[in-house]
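Undergrad: Coordinates in upload19.pdb, PDB, C-alpha atoms, are listed below.
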ATOM      1  CA  MET A   1      -4.323  12.686 -10.964
ATOM      2  CA  ASP A   2      -3.581  14.209  -7.580
ATOM      3  CA  VAL A   3      -2.466  12.208  -4.565
ATOM      4  CA  LEU A   4      -5.875  12.174  -2.854
ATOM      5  CA  ALA A   5      -7.595  10.900  -5.982
ATOM      6  CA  ALA A   6      -4.872   8.288  -6.444
ATOM      7  CA  HIS A   7      -5.202   7.190  -2.820
ATOM      8  CA  GLY A   8      -8.980   6.830  -3.136
ATOM      9  CA  ASP A   9      -8.669   4.847  -6.359
ATOM     10  CA  ALA A  10      -5.943   2.627  -4.882
ATOM     11  CA  ILE A  11      -8.072   1.909  -1.789
ATOM     12  CA  GLY A  12     -10.906   1.024  -4.163
ATOM     13  CA  ALA A  13      -8.690  -1.292  -6.205
ATOM     14  CA  VAL A  14      -7.609  -3.237  -3.132
ATOM     15  CA  ASP A  15     -11.115  -3.197  -1.698
ATOM     16  CA  ALA A  16     -12.506  -4.763  -4.879
ATOM     17  CA  LEU A  17     -10.035  -7.627  -4.446
ATOM     18  CA  VAL A  18     -10.428  -8.121  -0.684
ATOM     19  CA  ARG A  19     -14.231  -8.091  -0.374
ATOM     20  CA  PRO A  20     -14.873 -11.211  -2.482
ATOM     21  CA  LEU A  21     -12.178 -13.346  -0.795
ATOM     22  CA  ASP A  22     -13.514 -16.645   0.472
ATOM     23  CA  ASP A  23     -12.134 -18.713   3.342
ATOM     24  CA  ASP A  24      -9.839 -20.733   1.062
ATOM     25  CA  ALA A  25      -8.122 -17.654  -0.403
ATOM     26  CA  TRP A  26      -6.475 -16.409   2.790
ATOM     27  CA  ALA A  27      -3.785 -19.125   2.794
ATOM     28  CA  LEU A  28      -2.799 -18.692  -0.869
ATOM     29  CA  PRO A  29       0.802 -17.677  -1.565
ATOM     30  CA  THR A  30       1.542 -14.230  -2.990
ATOM     31  CA  PRO A  31       4.343 -13.031  -5.281
ATOM     32  CA  ASP A  32       6.236 -12.227  -2.066
ATOM     33  CA  SER A  33       7.264 -15.750  -1.088
ATOM     34  CA  ASP A  34       7.156 -14.854   2.617
ATOM     35  CA  TRP A  35       3.499 -13.798   2.564
ATOM     36  CA  THR A  36       0.129 -15.453   2.181
ATOM     37  CA  VAL A  37      -2.915 -13.487   1.074
ATOM     38  CA  ARG A  38      -3.765 -13.012   4.758
ATOM     39  CA  ASP A  39      -0.269 -11.655   5.458
ATOM     40  CA  LEU A  40      -0.557  -9.254   2.524
ATOM     41  CA  VAL A  41      -3.999  -7.985   3.537
ATOM     42  CA  ASN A  42      -2.781  -7.690   7.120
ATOM     43  CA  HIS A  43       0.156  -5.558   5.923
ATOM     44  CA  LEU A  44      -2.171  -3.275   3.958
ATOM     45  CA  THR A  45      -4.605  -3.063   6.873
ATOM     46  CA  VAL A  46      -1.865  -2.155   9.340
ATOM     47  CA  GLU A  47      -0.566   0.523   6.973
ATOM     48  CA  GLN A  48      -4.043   2.065   6.801
ATOM     49  CA  LEU A  49      -4.460   1.886  10.579
ATOM     50  CA  TRP A  50      -1.263   3.895  11.017
ATOM     51  CA  ALA A  51      -2.583   6.795   8.931
ATOM     52  CA  PRO A  52      -5.057   8.290  11.437
ATOM     53  CA  GLU A  53      -2.507   7.925  14.223
ATOM     54  CA  LEU A  54       0.365   9.581  12.363
ATOM     55  CA  LEU A  55      -1.800  12.284  10.799
ATOM     56  CA  ALA A  56      -2.979  13.154  14.320
ATOM     57  CA  GLY A  57       0.651  13.967  15.170
ATOM     58  CA  ARG A  58       1.491  10.811  17.091
ATOM     59  CA  TRP A  59       4.927   9.279  16.993
ATOM     60  CA  ILE A  60       5.472   5.577  16.359
ATOM     61  CA  GLU A  61       6.512   5.242  20.004
ATOM     62  CA  ASP A  62       3.172   6.763  21.089
ATOM     63  CA  VAL A  63       1.272   4.010  19.300
ATOM     64  CA  GLY A  64       3.557   1.307  20.632
ATOM     65  CA  THR A  65       3.020  -2.291  19.636
ATOM     66  CA  VAL A  66      -0.764  -2.209  19.270
ATOM     67  CA  LEU A  67      -0.471  -2.527  15.469
ATOM     68  CA  ASP A  68       2.152  -5.296  15.538
ATOM     69  CA  GLY A  69       1.295  -8.799  14.394
ATOM     70  CA  ASP A  70      -1.982  -9.947  12.922
ATOM     71  CA  VAL A  71      -4.662  -7.264  13.280
ATOM     72  CA  LEU A  72      -7.248  -8.974  11.066
ATOM     73  CA  GLY A  73      -8.884 -11.137  13.726
ATOM     74  CA  ASP A  74     -11.829 -13.362  12.847
ATOM     75  CA  ASP A  75     -13.281 -11.066  10.173
ATOM     76  CA  PRO A  76     -10.413  -9.906   7.971
ATOM     77  CA  VAL A  77     -12.630  -8.333   5.326
ATOM     78  CA  ASP A  78     -14.420  -6.125   7.842
ATOM     79  CA  ARG A  79     -11.121  -5.195   9.482
ATOM     80  CA  TRP A  80      -9.686  -4.156   6.093
ATOM     81  CA  VAL A  81     -12.810  -2.130   5.287
ATOM     82  CA  ASP A  82     -12.758  -0.359   8.655
ATOM     83  CA  ALA A  83      -9.043   0.437   8.369
ATOM     84  CA  SER A  84      -9.312   1.719   4.815
ATOM     85  CA  VAL A  85     -12.263   3.954   5.712
ATOM     86  CA  GLN A  86     -10.358   5.354   8.700
ATOM     87  CA  ALA A  87      -7.297   6.081   6.556
ATOM     88  CA  ARG A  88      -9.351   7.684   3.830
ATOM     89  CA  GLU A  89     -11.160   9.925   6.307
ATOM     90  CA  ALA A  90      -7.861  10.909   7.923
ATOM     91  CA  PHE A  91      -6.324  11.940   4.604
ATOM     92  CA  LEU A  92      -9.464  13.826   3.555
ATOM     93  CA  ALA A  93      -9.527  15.883   6.764
ATOM     94  CA  PRO A  94      -8.796  19.583   6.215
ATOM     95  CA  GLY A  95      -5.058  20.256   6.268
ATOM     96  CA  ALA A  96      -4.054  16.579   6.420
ATOM     97  CA  LEU A  97      -1.734  16.773   3.425
ATOM     98  CA  GLU A  98       0.103  19.770   4.893
ATOM     99  CA  ARG A  99       0.694  18.157   8.298
ATOM    100  CA  ARG A 100       4.075  16.774   9.307
ATOM    101  CA  VAL A 101       3.998  13.065  10.065
ATOM    102  CA  HIS A 102       6.656  11.268  12.062
ATOM    103  CA  LEU A 103       7.688   8.174  10.123
ATOM    104  CA  SER A 104      10.260   5.571  11.118
ATOM    105  CA  TYR A 105      13.014   7.283   9.105
ATOM    106  CA  GLY A 106      12.057  10.919   9.750
ATOM    107  CA  ASP A 107       9.366  13.506   9.186
ATOM    108  CA  GLU A 108       7.438  13.891   5.945
ATOM    109  CA  SER A 109       4.454  15.883   4.775
ATOM    110  CA  GLY A 110       1.044  14.286   4.887
ATOM    111  CA  ALA A 111       1.033  14.449   1.086
ATOM    112  CA  GLU A 112       4.263  12.447   0.813
ATOM    113  CA  TYR A 113       2.992   9.931   3.346
ATOM    114  CA  CYS A 114      -0.241   9.573   1.368
ATOM    115  CA  ALA A 115       1.781   9.047  -1.802
ATOM    116  CA  GLN A 116       3.864   6.327  -0.146
ATOM    117  CA  LEU A 117       0.764   4.469   1.025
ATOM    118  CA  THR A 118      -0.831   4.871  -2.394
ATOM    119  CA  PHE A 119       2.199   3.441  -4.171
ATOM    120  CA  ASP A 120       2.171   0.497  -1.749
ATOM    121  CA  LEU A 121      -1.542  -0.096  -2.329
ATOM    122  CA  VAL A 122      -1.145  -0.090  -6.117
ATOM    123  CA  VAL A 123       1.748  -2.554  -6.173
ATOM    124  CA  HIS A 124       0.052  -4.814  -3.649
ATOM    125  CA  ALA A 125      -3.235  -4.686  -5.571
ATOM    126  CA  TRP A 126      -1.364  -6.434  -8.365
ATOM    127  CA  ASP A 127       0.145  -8.893  -5.849
ATOM    128  CA  LEU A 128      -3.304  -9.675  -4.494
ATOM    129  CA  ALA A 129      -4.781 -10.125  -7.962
ATOM    130  CA  ARG A 130      -1.936 -12.413  -8.969
ATOM    131  CA  ALA A 131      -2.274 -14.477  -5.787
ATOM    132  CA  THR A 132      -6.026 -14.937  -6.063
ATOM    133  CA  GLY A 133      -6.337 -15.399  -9.799
ATOM    134  CA  ALA A 134      -8.261 -12.141 -10.223
ATOM    135  CA  PRO A 135      -7.688 -10.003 -13.329
ATOM    136  CA  GLU A 136      -4.283  -8.355 -12.975
ATOM    137  CA  ASP A 137      -5.159  -5.213 -14.861
ATOM    138  CA  VAL A 138      -4.616  -2.299 -12.505
ATOM    139  CA  ASP A 139      -6.179   0.991 -13.591
ATOM    140  CA  PRO A 140      -3.719   2.478 -16.122
ATOM    141  CA  ALA A 141      -4.058   5.966 -14.590
ATOM    142  CA  LEU A 142      -3.096   4.564 -11.165
ATOM    143  CA  VAL A 143      -0.210   2.648 -12.672
ATOM    144  CA  ALA A 144       1.041   5.763 -14.491
ATOM    145  CA  TRP A 145       0.753   7.811 -11.284
ATOM    146  CA  SER A 146       2.614   5.154  -9.276
ATOM    147  CA  LEU A 147       5.316   4.739 -11.896
ATOM    148  CA  HIS A 148       5.911   8.487 -11.990
ATOM    149  CA  TYR A 149       6.030   8.577  -8.197
ATOM    150  CA  ALA A 150       8.462   5.662  -8.020
ATOM    151  CA  GLN A 151      10.769   7.063 -10.660
ATOM    152  CA  SER A 152      10.950  10.408  -8.870
ATOM    153  CA  ARG A 153      11.870   9.042  -5.426
ATOM    154  CA  SER A 154      15.304   8.045  -4.197
ATOM    155  CA  THR A 155      13.732   6.429  -1.102
ATOM    156  CA  LEU A 156      12.945   3.428  -3.275
ATOM    157  CA  ASP A 157      16.662   2.652  -3.193
ATOM    158  CA  GLU A 158      16.808   2.248   0.588
ATOM    159  CA  PRO A 159      18.006  -1.168   1.779
ATOM    160  CA  GLY A 160      15.112  -3.496   2.523
ATOM    161  CA  ARG A 161      12.587  -1.101   0.989
ATOM    162  CA  LEU A 162      11.798  -3.086  -2.156
ATOM    163  CA  LEU A 163      13.022  -6.115  -4.027
ATOM    164  CA  ARG A 164      15.840  -5.586  -6.493
ATOM    165  CA  PRO A 165      14.618  -3.911  -9.697
ATOM    166  CA  LEU A 166      14.396  -6.099 -12.789
ATOM    167  CA  ASP A 167      15.287  -5.197 -16.349
ATOM    168  CA  VAL A 168      12.408  -4.671 -18.763
ATOM    169  CA  ALA A 169      12.163  -4.491 -22.532
ATOM    170  CA  ASP A 170      12.237  -1.046 -24.108
ATOM    171  CA  ASP A 171       8.650  -1.493 -25.260
ATOM    172  CA  ALA A 172       7.324  -2.624 -21.838
ATOM    173  CA  ASP A 173       4.096  -1.039 -20.712
ATOM    174  CA  ASP A 174       3.779   1.039 -17.548
ATOM    175  CA  LEU A 175       2.555  -1.868 -15.404
ATOM    176  CA  ALA A 176       5.528  -4.030 -16.411
ATOM    177  CA  ARG A 177       7.851  -1.093 -15.648
ATOM    178  CA  LEU A 178       6.251  -0.449 -12.259
ATOM    179  CA  LEU A 179       6.411  -4.099 -11.307
ATOM    180  CA  ALA A 180      10.029  -4.336 -12.452
ATOM    181  CA  LEU A 181      10.971  -1.405 -10.211
ATOM    182  CA  THR A 182       9.718  -3.463  -7.284
ATOM    183  CA  GLY A 183      11.360  -6.722  -8.327
ATOM    184  CA  ARG A 184       8.212  -8.220  -9.797
ATOM    185  CA  SER A 185       7.369  -9.469 -13.262
ATOM    186  CA  ARG A 186       4.157 -10.443 -14.937
TER     187      ARG A 186
END
Transcribe the structure of this file into structure tokens.
TA:
Amino acid sequence: MDVLAAHGDAIGAVDALVRPLDDDAWALPTPDSDWTVRDLVNHLTVEQLWAPELLAGRWIEDVGTVLDGDVLGDDPVDRWVDASVQAREAFLAPGALERRVHLSYGDESGAEYCAQLTFDLVVHAWDLARATGAPEDVDPALVAWSLHYAQSRSTLDEPGRLLRPLDVADDADDLARLLALTGRSR
């Protein structure tokens, strides 16, 4: 699976969990004890809103604080959908994966940036499913892609980047391994 296919599938996985959320679900706690479902969806929405900006060559300073705080407003589902469509279109634009994007820690290729967002979407799809009581089975191909990505990146060791990794049994499946890398367990 290439990064664009993985990104599209990951957007779809989150979308399938966000669209059916009812009013009571937004205040539910998530596996990240600091976040509610609304906080988690807000995080994912903000990440998608950054993509068109950064892929257009803007610097974080150019965007300023417009994406700080709660961007979901009164219709969080529609805001998520709009943001995910914008991100998807930005990554599908000709040459997007070859562009240099200016991230908080330095420049990366559009492909690496897409991979980072995809990894985040996959892990948080599980978080969202766990929080809302939805089936926690993430597409095995997406999980395998994300696990391979995570295992090949030293940036996952940066302070504050992820929770401390957990140990897993030798016979753990890919989802358990991916979750353990991010400090989560089933």
Undergrad: Tell me which residues the PyMOL selection byres ((chain A and resi 72) around 10) grabs here, as a list in words.
TA: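 Selection result, ordered by chain and number: Arg38, Asp39, Val41, Asn42, His43, Thr45, Val46, Gly69, Asp70, Val71, Gly73, Asp74, Asp75, Pro76, Val77, Asp78, Arg79, Trp80 and Ala83 of chain A.
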Undergrad: Tell me, in Å to one decimal, how far CA of Phe119 (chain A) is from CA of Ser146 (chain A).
TA: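 Between CA of Phe119 (chain A) and CA of Ser146 (chain A) the gap works out to 5.4 Å.
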Undergrad: Enumerate, as a PyMOL selection string, the residues matched when the PyMOL selection byres ((chain A and resi 13) around 9) is run on the file above.
TA: chain A and resi 8-12+14-18+121-122+125+138-139
Undergrad: Find, counting all atoms listed in the file, the residue in A:Ala25, A:Ala172, A:Ala111, A:Leu117 that gets nearest to Gln48 (chain A).
TA: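 So, comparing all the options, the nearest one is A:Leu117.
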Undergrad: For CA of Ser104 (chain A) and CA of Leu49 (chain A), quote the distance in Å rounded to one decimal.
TA: 15.2 Å
Undergrad: Apply the PyMOL selection byres ((chain A and resi 167) around 12) to the displayed file and report the matching residues as a list in words.
TA: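 Going through the file, the PyMOL selection byres ((chain A and resi 167) around 12) ends up selecting Arg164, Pro165, Leu166, Val168, Ala169, Asp170, Asp171, Ala172, Ala176, Arg177, Leu178, Leu179, Ala180, Leu181, Thr182, Gly183, Arg184 and Ser185 of chain A.
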Undergrad: Just checking: using all atoms listed in the file, which residue out of A:Pro29, A:Pro94, A:Pro135, A:Gly57 ends up closest to Glu108 (chain A)?
TA: A:Gly57
Undergrad: First collect every listed atom of region 168-174 of chain A; then fit an axis-aligned box around them, widen it by 5 Å on each side, and give centre and edge lengths in Å to one decimal, as JSON.
TA:
{"center_x": 8.1, "center_y": -1.8, "center_z": -21.4, "size_x": 18.6, "size_y": 15.7, "size_z": 17.7}
Undergrad: Using only C-alpha atoms, pick whichever of A:Cys114, A:Ala131, A:Val143, A:Leu175 has the shortest atom-to-atom distance to Ala90 (chain A).
TA: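 The shortest atom-to-atom distance to Ala90 (chain A) comes from A:Cys114.
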Undergrad: I'd like the interatomic distance between CA of Leu103 (chain A) and CA of Ala129 (chain A), to a tenth of an Å.
TA: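 Value for the CA of Leu103 (chain A)-CA of Ala129 (chain A) distance: 28.6 Å.
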Undergrad: For the interface of region 81-165 of chain A with region 4-7 of chain A (cut-off 8 Å, counting all atoms listed in the file), please tabulate each contacting residue of region 81-165 of chain A alongside its nearest pair of atoms and their separation in Å to one decimal, rows sorted by chain and increasing number, as a tab-separated table.
TA:
residue	atom	partner	partner_atom	distance
A:Arg88	CA	A:His7	CA	7.9
A:Phe91	CA	A:Leu4	CA	7.5
A:Leu92	CA	A:Leu4	CA	7.5
A:Cys114	CA	A:His7	CA	6.9
A:Ala115	CA	A:His7	CA	7.3
A:Leu117	CA	A:His7	CA	7.6
A:Thr118	CA	A:His7	CA	5.0
A:Leu142	CA	A:Ala6	CA	6.3
A:Trp145	CA	A:Ala6	CA	7.4
Undergrad: Given only C-alpha atoms as the basis, pick out the residue of A:Asp173, A:Glu61, A:Glu136, A:Glu47 nearest to Ala87 (chain A).
TA: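 Using only C-alpha atoms, Ala87 (chain A) sits closest to A:Glu47.
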Undergrad: Which one of A:Arg19, A:Asp32, A:Gly64, A:Ala56 sits closest to Glu98 (chain A) if you count all atoms listed in the file?
TA: A:Ala56
Undergrad: Quick one: region 68-79 of chain A with all heavy atoms, as a PDB file, keeping the file's coordinate frame?
TA:
ATOM      1  N   ASP A  68       1.231  -4.212  15.894  1.00  0.00           N
ATOM      2  CA  ASP A  68       2.152  -5.296  15.538  1.00  0.00           C
ATOM      3  C   ASP A  68       1.372  -6.596  15.366  1.00  0.00           C
ATOM      4  O   ASP A  68       0.331  -6.799  15.993  1.00  0.00           O
ATOM      5  CB  ASP A  68       3.209  -5.495  16.626  1.00  0.00           C
ATOM      6  CG  ASP A  68       4.216  -4.362  16.694  1.00  0.00           C
ATOM      7  OD1 ASP A  68       4.174  -3.469  15.833  1.00  0.00           O
ATOM      8  OD2 ASP A  68       5.036  -4.370  17.626  1.00  0.00           O
ATOM      9  N   GLY A  69       1.895  -7.476  14.549  1.00  0.00           N
ATOM     10  CA  GLY A  69       1.295  -8.799  14.394  1.00  0.00           C
ATOM     11  C   GLY A  69       0.039  -8.772  13.541  1.00  0.00           C
ATOM     12  O   GLY A  69      -0.200  -7.860  12.759  1.00  0.00           O
ATOM     13  N   ASP A  70      -0.760  -9.786  13.701  1.00  0.00           N
ATOM     14  CA  ASP A  70      -1.982  -9.947  12.922  1.00  0.00           C
ATOM     15  C   ASP A  70      -3.103  -9.117  13.549  1.00  0.00           C
ATOM     16  O   ASP A  70      -3.508  -9.369  14.679  1.00  0.00           O
ATOM     17  CB  ASP A  70      -2.383 -11.422  12.884  1.00  0.00           C
ATOM     18  CG  ASP A  70      -3.545 -11.701  11.949  1.00  0.00           C
ATOM     19  OD1 ASP A  70      -4.447 -10.848  11.829  1.00  0.00           O
ATOM     20  OD2 ASP A  70      -3.563 -12.770  11.339  1.00  0.00           O
ATOM     21  N   VAL A  71      -3.582  -8.131  12.789  1.00  0.00           N
ATOM     22  CA  VAL A  71      -4.662  -7.264  13.280  1.00  0.00           C
ATOM     23  C   VAL A  71      -6.011  -7.636  12.660  1.00  0.00           C
ATOM     24  O   VAL A  71      -7.014  -6.996  12.960  1.00  0.00           O
ATOM     25  CB  VAL A  71      -4.364  -5.771  13.009  1.00  0.00           C
ATOM     26  CG1 VAL A  71      -3.080  -5.326  13.692  1.00  0.00           C
ATOM     27  CG2 VAL A  71      -4.344  -5.485  11.514  1.00  0.00           C
ATOM     28  N   LEU A  72      -6.032  -8.658  11.816  1.00  0.00           N
ATOM     29  CA  LEU A  72      -7.248  -8.974  11.066  1.00  0.00           C
ATOM     30  C   LEU A  72      -8.318  -9.688  11.882  1.00  0.00           C
ATOM     31  O   LEU A  72      -9.507  -9.566  11.573  1.00  0.00           O
ATOM     32  CB  LEU A  72      -6.911  -9.812   9.830  1.00  0.00           C
ATOM     33  CG  LEU A  72      -6.052  -9.111   8.783  1.00  0.00           C
ATOM     34  CD1 LEU A  72      -5.755 -10.061   7.631  1.00  0.00           C
ATOM     35  CD2 LEU A  72      -6.694  -7.832   8.289  1.00  0.00           C
ATOM     36  N   GLY A  73      -7.911 -10.445  12.892  1.00  0.00           N
ATOM     37  CA  GLY A  73      -8.884 -11.137  13.726  1.00  0.00           C
ATOM     38  C   GLY A  73      -9.716 -12.142  12.955  1.00  0.00           C
ATOM     39  O   GLY A  73      -9.280 -12.693  11.945  1.00  0.00           O
ATOM     40  N   ASP A  74     -10.945 -12.351  13.424  1.00  0.00           N
ATOM     41  CA  ASP A  74     -11.829 -13.362  12.847  1.00  0.00           C
ATOM     42  C   ASP A  74     -12.569 -12.888  11.605  1.00  0.00           C
ATOM     43  O   ASP A  74     -13.168 -13.706  10.902  1.00  0.00           O
ATOM     44  CB  ASP A  74     -12.863 -13.811  13.893  1.00  0.00           C
ATOM     45  CG  ASP A  74     -12.216 -14.558  15.041  1.00  0.00           C
ATOM     46  OD1 ASP A  74     -11.128 -15.146  14.845  1.00  0.00           O
ATOM     47  OD2 ASP A  74     -12.798 -14.535  16.145  1.00  0.00           O
ATOM     48  N   ASP A  75     -12.576 -11.595  11.344  1.00  0.00           N
ATOM     49  CA  ASP A  75     -13.281 -11.066  10.173  1.00  0.00           C
ATOM     50  C   ASP A  75     -12.349 -10.132   9.399  1.00  0.00           C
ATOM     51  O   ASP A  75     -12.453  -8.907   9.484  1.00  0.00           O
ATOM     52  CB  ASP A  75     -14.553 -10.332  10.598  1.00  0.00           C
ATOM     53  CG  ASP A  75     -15.508 -10.128   9.437  1.00  0.00           C
ATOM     54  OD1 ASP A  75     -15.064 -10.223   8.265  1.00  0.00           O
ATOM     55  OD2 ASP A  75     -16.693  -9.874   9.691  1.00  0.00           O
ATOM     56  N   PRO A  76     -11.421 -10.725   8.644  1.00  0.00           N
ATOM     57  CA  PRO A  76     -10.413  -9.906   7.971  1.00  0.00           C
ATOM     58  C   PRO A  76     -10.977  -8.915   6.960  1.00  0.00           C
ATOM     59  O   PRO A  76     -10.433  -7.826   6.809  1.00  0.00           O
ATOM     60  CB  PRO A  76      -9.497 -10.923   7.299  1.00  0.00           C
ATOM     61  CG  PRO A  76     -10.210 -12.219   7.334  1.00  0.00           C
ATOM     62  CD  PRO A  76     -11.226 -12.154   8.416  1.00  0.00           C
ATOM     63  N   VAL A  77     -12.055  -9.263   6.301  1.00  0.00           N
ATOM     64  CA  VAL A  77     -12.630  -8.333   5.326  1.00  0.00           C
ATOM     65  C   VAL A  77     -13.145  -7.088   6.037  1.00  0.00           C
ATOM     66  O   VAL A  77     -12.837  -5.951   5.635  1.00  0.00           O
ATOM     67  CB  VAL A  77     -13.743  -9.006   4.494  1.00  0.00           C
ATOM     68  CG1 VAL A  77     -14.453  -7.984   3.614  1.00  0.00           C
ATOM     69  CG2 VAL A  77     -13.171 -10.129   3.637  1.00  0.00           C
ATOM     70  N   ASP A  78     -13.911  -7.279   7.098  1.00  0.00           N
ATOM     71  CA  ASP A  78     -14.420  -6.125   7.842  1.00  0.00           C
ATOM     72  C   ASP A  78     -13.293  -5.286   8.431  1.00  0.00           C
ATOM     73  O   ASP A  78     -13.364  -4.049   8.454  1.00  0.00           O
ATOM     74  CB  ASP A  78     -15.369  -6.557   8.963  1.00  0.00           C
ATOM     75  CG  ASP A  78     -16.777  -6.825   8.463  1.00  0.00           C
ATOM     76  OD1 ASP A  78     -17.066  -6.545   7.280  1.00  0.00           O
ATOM     77  OD2 ASP A  78     -17.591  -7.325   9.257  1.00  0.00           O
ATOM     78  N   ARG A  79     -12.255  -5.937   8.899  1.00  0.00           N
ATOM     79  CA  ARG A  79     -11.121  -5.195   9.482  1.00  0.00           C
ATOM     80  C   ARG A  79     -10.447  -4.349   8.413  1.00  0.00           C
ATOM     81  O   ARG A  79     -10.089  -3.198   8.651  1.00  0.00           O
ATOM     82  CB  ARG A  79     -10.141  -6.176  10.128  1.00  0.00           C
ATOM     83  CG  ARG A  79      -9.024  -5.506  10.861  1.00  0.00           C
ATOM     84  CD  ARG A  79      -9.536  -4.709  12.052  1.00  0.00           C
ATOM     85  NE  ARG A  79      -8.393  -4.392  12.901  1.00  0.00           N
ATOM     86  CZ  ARG A  79      -8.326  -3.335  13.654  1.00  0.00           C
ATOM     87  NH1 ARG A  79      -9.338  -2.500  13.736  1.00  0.00           N
ATOM     88  NH2 ARG A  79      -7.256  -3.108  14.385  1.00  0.00           N
TER      89      ARG A  79
END
